[in-house]
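File shown here: structure01.txt, holding compact mmCIF, C-alpha atoms.
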```txt
# COMPACT_ATOMS: atom_id res chain seq x y z
CA MET R 1 0.00 0.00 0.00
CA ARG R 2 1.24 3.42 -0.93
CA GLU R 3 2.14 5.72 1.97
CA THR R 4 1.78 9.09 0.29
CA PRO R 5 -1.54 10.51 -0.88
CA LEU R 6 -2.35 10.69 -4.55
CA ARG R 7 -1.32 13.98 -6.16
CA PHE R 8 -3.78 15.52 -8.62
CA LEU R 9 -3.15 17.90 -11.51
CA LEU R 10 -6.27 19.75 -12.61
CA VAL R 11 -6.04 21.11 -16.16
CA ASP R 12 -8.84 23.49 -17.09
CA ASP R 13 -8.81 26.87 -18.79
CA SER R 14 -11.91 27.94 -16.85
CA GLY R 15 -11.11 29.53 -13.50
CA GLU R 16 -14.72 28.97 -12.45
CA ASP R 17 -14.50 25.23 -13.18
CA ARG R 18 -11.20 24.95 -11.30
CA LEU R 19 -12.74 26.75 -8.32
CA LEU R 20 -15.81 24.50 -8.44
CA THR R 21 -13.59 21.38 -8.51
CA ARG R 22 -11.63 22.61 -5.47
CA LEU R 23 -14.91 23.29 -3.64
CA ILE R 24 -16.21 19.82 -4.52
CA PHE R 25 -12.99 18.25 -3.22
CA LYS R 26 -13.34 20.26 0.00
CA ARG R 27 -17.04 19.42 0.41
CA HIS R 28 -16.22 15.71 0.10
CA GLY R 29 -13.38 16.05 2.62
CA LEU R 30 -10.63 15.26 0.13
CA ALA R 31 -7.32 16.72 1.24
CA ASN R 32 -5.13 15.28 -1.50
CA PRO R 33 -2.62 17.68 -3.03
CA ILE R 34 -4.17 19.28 -6.12
CA GLU R 35 -2.19 21.49 -8.47
CA GLU R 36 -3.79 23.55 -11.22
CA VAL R 37 -2.79 24.72 -14.67
CA GLU R 38 -4.78 26.32 -17.49
CA THR R 39 -3.30 24.81 -20.66
CA ALA R 40 -2.19 21.52 -22.14
CA ALA R 41 1.33 22.89 -22.58
CA ALA R 42 1.54 23.82 -18.89
CA ALA R 43 0.20 20.38 -17.94
CA LEU R 44 2.78 18.55 -20.04
CA GLN R 45 5.54 20.75 -18.67
CA ARG R 46 4.46 20.03 -15.08
CA LEU R 47 4.10 16.29 -15.70
CA ASN R 48 7.62 16.17 -17.15
CA ASP R 49 9.19 18.19 -14.32
CA ARG R 50 11.30 15.53 -12.63
CA ASP R 51 12.26 17.94 -9.82
CA ALA R 52 8.64 18.22 -8.65
CA PRO R 53 6.67 15.50 -6.84
CA PRO R 54 5.13 13.13 -9.39
CA ILE R 55 1.50 13.57 -10.38
CA ASP R 56 -0.69 10.47 -9.97
CA VAL R 57 -4.03 11.65 -11.38
CA LEU R 58 -4.57 14.03 -14.28
CA LEU R 59 -8.02 15.66 -14.26
CA LEU R 60 -8.10 16.96 -17.82
CA ASP R 61 -10.61 19.26 -19.49
CA ALA R 62 -11.66 17.82 -22.86
CA LEU R 63 -11.55 21.19 -24.63
CA LEU R 64 -8.40 23.14 -23.91
CA PRO R 65 -7.39 26.17 -25.98
CA ASP R 66 -4.06 24.73 -27.15
CA LEU R 67 -4.67 20.95 -27.50
CA PRO R 68 -7.67 18.65 -27.12
CA GLY R 69 -7.71 16.59 -23.92
CA GLU R 70 -7.51 13.35 -25.92
CA GLU R 71 -4.23 14.50 -27.50
CA VAL R 72 -2.78 15.31 -24.07
CA ALA R 73 -3.89 11.87 -22.86
CA ARG R 74 -2.19 10.25 -25.87
CA ARG R 75 1.05 12.10 -25.17
CA VAL R 76 0.96 11.05 -21.52
CA ALA R 77 0.33 7.43 -22.53
CA ASP R 78 3.21 7.56 -25.03
CA THR R 79 5.68 8.82 -22.41
CA PRO R 80 7.18 5.89 -20.46
CA HIS R 81 7.89 7.78 -17.22
CA LEU R 82 4.25 8.94 -17.14
CA ALA R 83 2.72 5.46 -17.56
CA HIS R 84 1.54 5.50 -13.93
CA VAL R 85 -0.58 8.64 -14.40
CA ALA R 86 -4.33 7.99 -14.33
CA VAL R 87 -5.97 10.32 -16.85
CA ILE R 88 -9.59 11.31 -16.31
CA ILE R 89 -11.24 13.54 -18.92
CA LEU R 90 -13.67 16.19 -17.65
CA SER R 91 -16.32 17.54 -19.98
CA ALA R 92 -19.70 19.22 -19.91
CA LEU R 93 -20.62 16.63 -22.56
CA GLY R 94 -19.53 13.56 -20.56
CA GLU R 95 -18.38 10.64 -22.71
CA GLY R 96 -19.81 12.37 -25.79
CA ALA R 97 -16.74 14.63 -25.71
CA MET R 98 -14.44 11.82 -26.80
CA LYS R 99 -14.06 10.47 -30.30
CA ALA R 100 -13.20 7.03 -28.93
CA PRO R 101 -14.40 5.35 -25.73
CA PRO R 102 -12.13 5.43 -22.68
CA GLY R 103 -9.45 2.79 -22.86
CA GLU R 104 -5.85 2.30 -21.94
CA MET R 105 -4.90 5.98 -22.11
CA VAL R 106 -8.01 7.37 -20.37
CA ARG R 107 -9.36 5.78 -17.19
CA GLY R 108 -12.71 7.52 -17.45
CA VAL R 109 -14.71 10.46 -18.70
CA LEU R 110 -16.67 12.48 -16.14
CA GLN R 111 -19.28 15.09 -16.76
CA LYS R 112 -18.73 18.49 -15.17
CA PRO R 113 -19.26 19.41 -12.43
CA LEU R 114 -16.98 16.71 -11.09
CA PRO R 115 -18.87 13.75 -9.57
CA VAL R 116 -16.37 12.83 -6.84
CA ASP R 117 -17.90 9.45 -5.97
CA THR R 118 -17.63 8.31 -9.60
CA MET R 119 -14.06 9.61 -9.81
CA LEU R 120 -13.11 7.64 -6.68
CA ARG R 121 -14.66 4.44 -8.12
CA ILE R 122 -12.63 4.90 -11.32
CA LEU R 123 -9.44 5.45 -9.34
CA HIS R 124 -10.03 2.46 -7.06
CA LYS R 125 -10.76 0.23 -10.05
CA SER R 126 -7.79 1.36 -12.16
CA LEU R 127 -5.14 1.90 -9.49
CA ALA R 128 -6.23 -0.82 -7.03
CA SER R 129 -3.90 -0.86 -4.02
CA GLN R 130 -2.21 2.42 -4.95
CA VAL R 131 -5.22 4.55 -4.04
CA THR R 132 -4.96 6.61 -0.92
CA VAL R 133 -7.48 9.39 -0.68
CA THR R 134 -6.73 11.75 2.14
CA ARG R 135 -9.76 12.99 4.01
CA ALA R 136 -9.52 16.29 5.88
```

Mind turning the file's structure into structure tokens?
Amino acid sequence: MRETPLRFLLVDDSGEDRLLTRLIFKRHGLANPIEEVETAAAALQRLNDRDAPPIDVLLLDALLPDLPGEEVARRVADTPHLAHVAVIILSALGEGAMKAPPGEMVRGVLQKPLPVDTMLRILHKSLASQVTVTRA
């Protein structure tokens, strides 16, 4: 069993959606570290920063201004040192936002606003014994 809590990276160009996600985490008592960036480029830069603590879960908006979420997910999946990252796509359209169904590179697609219980089920299913959610 993992001793450190899962670290989240929230990628969304909407400040309101990022705020709402933080509030949902707080309301559900989740105290896991959550970092935020606004663009795909910033997300990829953060994920590849080997001097920073590794990210475990990427909460990724489907429609970013610089790259679609599916393309970011593909790049993460194609990068060997990021193979452990669980990618969850967030979209107002739910699974309709993706051209292909979730698979190896995407653990799930969640409709905004973030349904925390569904996210936790996806993480428990895909990461099994690695999941440690820190409650405040």

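Among the candidates R:Thr79, R:Val87, R:Leu63, R:Asp51, the one nearest to Phe8 (chain R) when counting only C-alpha atoms is R:Val87.
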
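Atom pair CA of Ala43 (chain R) / CA of Glu70 (chain R) has a distance of 13.1 Å (rounded to one decimal).
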
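Nearest to Gln45 (chain R) of all the residues R:Arg75, R:Arg121, R:Arg18, R:Arg107 is R:Arg75, counting all atoms listed in the file.
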
Exercise. Which residue out of R:Ala31, R:Ala41, R:Val106, R:Ala62 has the minimum interatomic distance to Ile88 (chain R) when only C-alpha atoms are used?
Worked result: R:Val106

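Using all atoms listed in the file, the nearest neighbour of Ala73 (chain R) within the list R:Lys112, R:Val11, R:Arg22, R:Glu38 is R:Val11.
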
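Take CA of Ala83 (chain R) and CA of Met105 (chain R): the distance between them is 8.9 Å.
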